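Listing of structure_21.txt; format and content: compact mmCIF, C-alpha atoms.
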```txt
# COMPACT_ATOMS: atom_id res chain seq x y z
CA MET H 1 0.00 0.00 0.00
CA VAL H 2 1.27 3.43 -0.90
CA SER H 3 1.66 5.90 1.92
CA TYR H 4 0.47 9.21 0.54
CA ARG H 5 1.85 11.15 3.48
CA LEU H 6 5.30 9.73 2.81
CA LEU H 7 5.08 10.49 -0.91
CA ILE H 8 3.79 14.03 -0.34
CA GLY H 9 6.51 14.63 2.26
CA ILE H 10 9.22 13.54 -0.17
CA ILE H 11 7.89 15.59 -3.08
CA ALA H 12 7.35 18.70 -0.95
CA SER H 13 10.80 18.46 0.62
CA VAL H 14 12.60 17.92 -2.69
CA THR H 15 10.81 20.97 -4.09
CA PHE H 16 11.56 22.93 -0.93
CA SER H 17 15.24 21.96 -1.05
CA PHE H 18 15.79 24.17 -4.09
CA PHE H 19 15.22 27.28 -1.95
CA THR H 20 16.21 26.39 1.62
CA VAL H 21 19.73 27.79 1.66
CA PHE H 22 18.32 31.17 0.64
CA PHE H 23 16.25 31.29 3.81
CA PHE H 24 19.42 31.45 5.89
CA THR H 25 21.87 33.29 3.62
CA MET H 26 21.49 34.90 0.25
CA GLU H 27 24.78 36.73 -0.18
CA ASP H 28 26.93 33.80 -1.26
CA ILE H 29 25.00 32.39 -4.19
CA ILE H 30 22.71 35.24 -5.28
CA LEU H 31 25.38 36.97 -7.37
CA GLN H 32 26.11 33.78 -9.30
CA ILE H 33 22.41 33.18 -9.87
CA GLN H 34 21.95 36.71 -11.20
CA LEU H 35 24.88 36.17 -13.51
CA PHE H 36 23.56 32.91 -14.99
CA SER H 37 19.81 33.61 -14.87
CA ALA H 38 19.57 35.15 -18.33
CA SER H 39 22.00 32.90 -20.18
CA ASP H 40 21.79 29.45 -18.57
CA PRO H 41 18.74 28.63 -16.39
CA LEU H 42 19.93 25.03 -15.91
CA LYS H 43 23.09 26.36 -14.25
CA VAL H 44 20.86 28.34 -11.87
CA VAL H 45 19.04 25.16 -10.81
CA ILE H 46 22.39 23.40 -10.32
CA LEU H 47 23.63 26.27 -8.14
CA MET H 48 20.43 26.24 -6.09
CA ILE H 49 20.64 22.50 -5.39
CA GLY H 50 24.42 22.46 -5.01
CA ALA H 51 24.25 25.20 -2.39
CA ASN H 52 22.90 22.59 0.04
CA PHE H 53 26.22 20.70 -0.15
CA LYS H 54 28.71 23.53 0.43
CA PHE H 55 29.43 23.15 4.15
CA ASP H 56 32.24 20.64 4.67
CA LEU H 57 31.89 18.84 8.00
CA ILE H 58 35.17 16.98 7.60
CA SER H 59 37.33 20.10 7.25
CA PHE H 60 35.30 21.82 9.97
CA PHE H 61 36.40 19.27 12.56
CA LEU H 62 39.96 19.13 11.23
CA GLU H 63 40.36 22.85 11.88
CA THR H 64 39.65 24.65 15.16
CA PRO H 65 35.85 24.57 15.33
CA SER H 66 33.75 27.05 17.22
CA PHE H 67 30.21 26.55 18.38
CA PHE H 68 28.61 29.25 16.22
CA GLU H 69 30.41 28.25 13.01
CA PHE H 70 28.86 24.80 13.30
CA PHE H 71 25.40 26.16 12.49
CA SER H 72 26.10 27.06 8.90
CA PRO H 73 23.26 27.93 6.51
CA GLN H 74 23.76 24.67 4.62
CA LEU H 75 23.46 22.55 7.76
CA LEU H 76 20.39 24.49 8.92
CA ALA H 77 18.85 24.07 5.47
CA SER H 78 19.41 20.31 5.57
CA ILE H 79 17.87 20.09 9.03
CA LEU H 80 14.88 22.12 7.79
CA ILE H 81 14.44 19.84 4.75
CA GLY H 82 14.54 16.76 6.98
CA PHE H 83 12.19 18.33 9.51
CA LEU H 84 9.67 19.17 6.81
CA SER H 85 9.75 15.68 5.32
CA GLY H 86 9.53 14.07 8.76
CA THR H 87 6.63 16.26 9.83
CA ILE H 88 4.59 15.65 6.70
CA SER H 89 5.26 11.91 6.57
CA LYS H 90 4.44 11.61 10.31
CA GLY H 91 6.20 9.08 12.46
CA LEU H 92 9.78 8.48 13.52
CA LYS H 93 10.52 5.69 11.06
CA ARG H 94 8.77 7.41 8.17
CA GLY H 95 10.53 10.69 8.95
CA LEU H 96 13.89 8.94 8.82
CA ILE H 97 13.00 7.21 5.55
CA ALA H 98 11.60 10.36 3.94
CA SER H 99 14.53 12.57 4.90
CA SER H 100 17.09 10.09 3.61
CA ILE H 101 15.20 9.69 0.32
CA VAL H 102 14.99 13.47 -0.06
CA ILE H 103 18.75 14.00 0.34
CA ILE H 104 19.61 11.07 -1.94
CA THR H 105 17.20 12.48 -4.54
CA ASP H 106 18.78 15.93 -4.21
CA VAL H 107 22.28 14.52 -4.73
CA LEU H 108 21.12 12.54 -7.76
CA ILE H 109 19.34 15.56 -9.28
CA TRP H 110 22.44 17.68 -8.67
CA ILE H 111 24.73 15.15 -10.36
CA LEU H 112 22.32 14.47 -13.24
CA LEU H 113 21.76 18.13 -14.04
CA SER H 114 25.48 18.82 -13.78
CA VAL H 115 26.14 16.10 -16.36
CA VAL H 116 23.41 17.45 -18.65
CA SER H 117 24.76 20.99 -18.47
CA GLY H 118 28.30 19.86 -19.22
CA GLU H 119 29.85 20.76 -15.88
CA ASP H 120 33.09 19.00 -14.99
CA LEU H 121 32.11 16.65 -12.17
CA MET H 122 35.49 14.95 -12.09
CA ALA H 123 36.93 18.14 -10.65
CA LEU H 124 34.58 17.76 -7.67
CA PHE H 125 35.38 14.10 -7.05
CA GLN H 126 39.18 14.07 -7.22
CA GLY H 127 42.15 15.65 -5.54
CA ALA H 128 41.63 18.42 -3.04
CA GLN H 129 37.93 18.81 -3.88
CA LEU H 130 37.10 15.20 -2.99
CA SER H 131 37.17 15.85 0.75
CA ALA H 132 35.06 18.99 0.40
CA THR H 133 32.48 17.26 -1.82
CA ILE H 134 32.20 14.17 0.38
CA GLY H 135 32.09 16.39 3.49
CA GLY H 136 29.30 18.50 1.99
CA ILE H 137 27.23 15.46 1.07
CA LEU H 138 27.87 13.91 4.49
CA THR H 139 26.79 17.14 6.19
CA ALA H 140 23.57 17.25 4.19
CA ILE H 141 22.81 13.60 4.97
CA LEU H 142 23.45 13.98 8.72
CA GLY H 143 21.47 17.22 8.90
CA ALA H 144 18.51 15.78 7.01
CA LEU H 145 18.49 12.63 9.11
CA ALA H 146 18.56 14.67 12.32
CA GLY H 147 15.75 16.88 11.02
CA GLY H 148 13.74 13.86 9.83
CA ILE H 149 14.03 12.17 13.22
CA LEU H 150 13.04 15.40 14.99
CA GLY H 151 10.11 16.07 12.65
CA GLY H 152 8.87 12.49 12.84
CA PHE H 153 9.12 12.49 16.63
CA ILE H 154 7.30 15.81 17.03
CA SER H 155 4.50 14.92 14.62
CA GLY H 156 3.68 11.79 16.59
CA PRO H 157 3.16 8.21 15.51
CA TYR H 158 1.63 7.29 12.20
CA GLU H 159 -2.11 6.53 12.26
CA ASN H 160 -1.68 2.82 11.45
CA SER H 161 0.43 2.19 14.56
CA TYR H 162 -2.39 2.58 17.12
```
Structure translated into structure tokens:
Amino acid sequence: MVSYRLLIGIIASVTFSFFTVFFFTMEDIILQIQLFSASDPLKVVILMIGANFKFDLISFFLETPSFFEFFSPQLLASILIGFLSGTISKGLKRGLIASSIVIITDVLIWILLSVVSGEDLMALFQGAQLSATIGGILTAILGALAGGILGGFISGPYENSY
């Protein structure tokens, strides 16, 4: 049986993930989006999705971390995406499932659109950029899972579990 709450939570969160980083900071990416908006709208979509994966958790802990630097806009956006999917899908297990599917879908859309637009993905997955790319994806996954667990817990158990 198809769970419509789970499906709606995934679709709403994937759609919402295009804009979440802008809720916390607009200065970093907005200039690039204005630059590409007239000439290449696909590049704008790639920048909007890729902005969720910019905070590198690995290099953050390798350097001298501070408490306030930990709450970066990208991490807060991932937590918000997970919270939204967990709240809509309702239930701890469903929130965890929905948030992980949302982040995996975002990564796949980001990679697929980057390939279609002709962007060099090998530069992101080799050399010095490999740690930053893997750290950004890991940060998004951990943030979304934490948000999905929180949203699923707050929304209460799913109706079938009574």
At most 6 Å is the cut-off: for each residue in range 18-129 of chain H with any atom that close to an atom of range 137-160 of chain H, write down the nearest atom pair and the distance in Å rounded to one decimal, counting only C-alpha atoms, chain first then increasing number, as a Markdown table.
```
| residue | atom | partner | partner_atom | distance |
| --- | --- | --- | --- | --- |
| H:Phe53 | CA | H:Ile137 | CA | 5.5 |
| H:Leu57 | CA | H:Thr139 | CA | 5.7 |
| H:Leu75 | CA | H:Gly143 | CA | 5.8 |
| H:Ser78 | CA | H:Ala144 | CA | 4.8 |
| H:Ile79 | CA | H:Gly147 | CA | 4.3 |
| H:Gly82 | CA | H:Ala144 | CA | 4.1 |
| H:Phe83 | CA | H:Gly147 | CA | 4.1 |
| H:Gly86 | CA | H:Gly148 | CA | 4.3 |
| H:Thr87 | CA | H:Gly151 | CA | 4.5 |
| H:Lys90 | CA | H:Gly152 | CA | 5.2 |
| H:Gly91 | CA | H:Gly152 | CA | 4.3 |
| H:Leu92 | CA | H:Gly152 | CA | 4.2 |
| H:Gly95 | CA | H:Gly148 | CA | 4.6 |
| H:Leu96 | CA | H:Gly148 | CA | 5.0 |
| H:Ser99 | CA | H:Gly148 | CA | 5.2 |
```
Each side padded by 6 Å, which centre and which edge lengths in Å (one decimal) define the axis-aligned box around the listed atoms of range 116-135 of chain H? Give them as AutoDock Vina command-line options.
```
--center_x 32.8 --center_y 17.5 --center_z -7.9 --size_x 30.7 --size_y 18.9 --size_z 34.7
```
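Distances from H:Leu80, H:Ile58, H:Ser85, H:Ser39 to Ala12 in chain H were compared using all atoms listed in the file, and the smallest one belongs to H:Ser85.
Interatomic distance, CA of Ala77 in chain H to CA of Val21 in chain H: 5.4 Å.
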Kindly give the distance, in Å, that separates CA of Leu7 in chain H and CA of Phe19 in chain H, rounded to a single decimal.
19.6 Å
Counting all atoms listed in the file, what are the residues of range 61-149 of chain H within 8 Å of range 41-47 of chain H, and for each of them which pair of atoms is the nearest and at what distance in Å, to one decimal? Sort the table by chain and rising number, as a tab-separated table.
```
residue	atom	partner	partner_atom	distance
H:Trp110	CA	H:Ile46	CA	6.0
H:Leu113	CA	H:Ile46	CA	6.5
H:Ser114	CA	H:Ile46	CA	6.5
H:Ser117	CA	H:Leu42	CA	6.8
```
Output file for the residues above (C-alpha atoms, as a PDB file, in the coordinates of the input):
```pdb
ATOM      1  CA  TRP H 110      22.440  17.680  -8.670  1.00  0.00           C
ATOM      2  CA  LEU H 113      21.760  18.130 -14.040  1.00  0.00           C
ATOM      3  CA  SER H 114      25.480  18.820 -13.780  1.00  0.00           C
ATOM      4  CA  SER H 117      24.760  20.990 -18.470  1.00  0.00           C
TER       5      SER H 117
END
```
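Of the residues listed (H:Ser3, H:Gln129, H:Gln32, H:Asn52), H:Asn52 shows the shortest atom-to-atom separation from Thr20 in chain H; distances use all atoms listed in the file.
Between Phe70 in chain H and the residues H:Phe55, H:Ile111, H:Val116, H:Gly136, the shortest atom-to-atom distance, using all atoms listed in the file, involves H:Phe55.
In this structure, CA of Ser89 in chain H sits 17.8 Å away from CA of Asp106 in chain H.
Each of H:Arg94, H:Ile104, H:Phe61, H:Phe125 was checked against Ser17 in chain H using only C-alpha atoms; the smallest atom-to-atom distance is that of H:Ile104.
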When you look at Ile88 in chain H with a cut-off of 7 Å (counting all atoms listed in the file), what residues show up, excluding the ones that are within fewer than 3 positions of it in the same chain? I need them as a list in words.
Arg5, Gly9, Leu84 and Ser85 of chain H
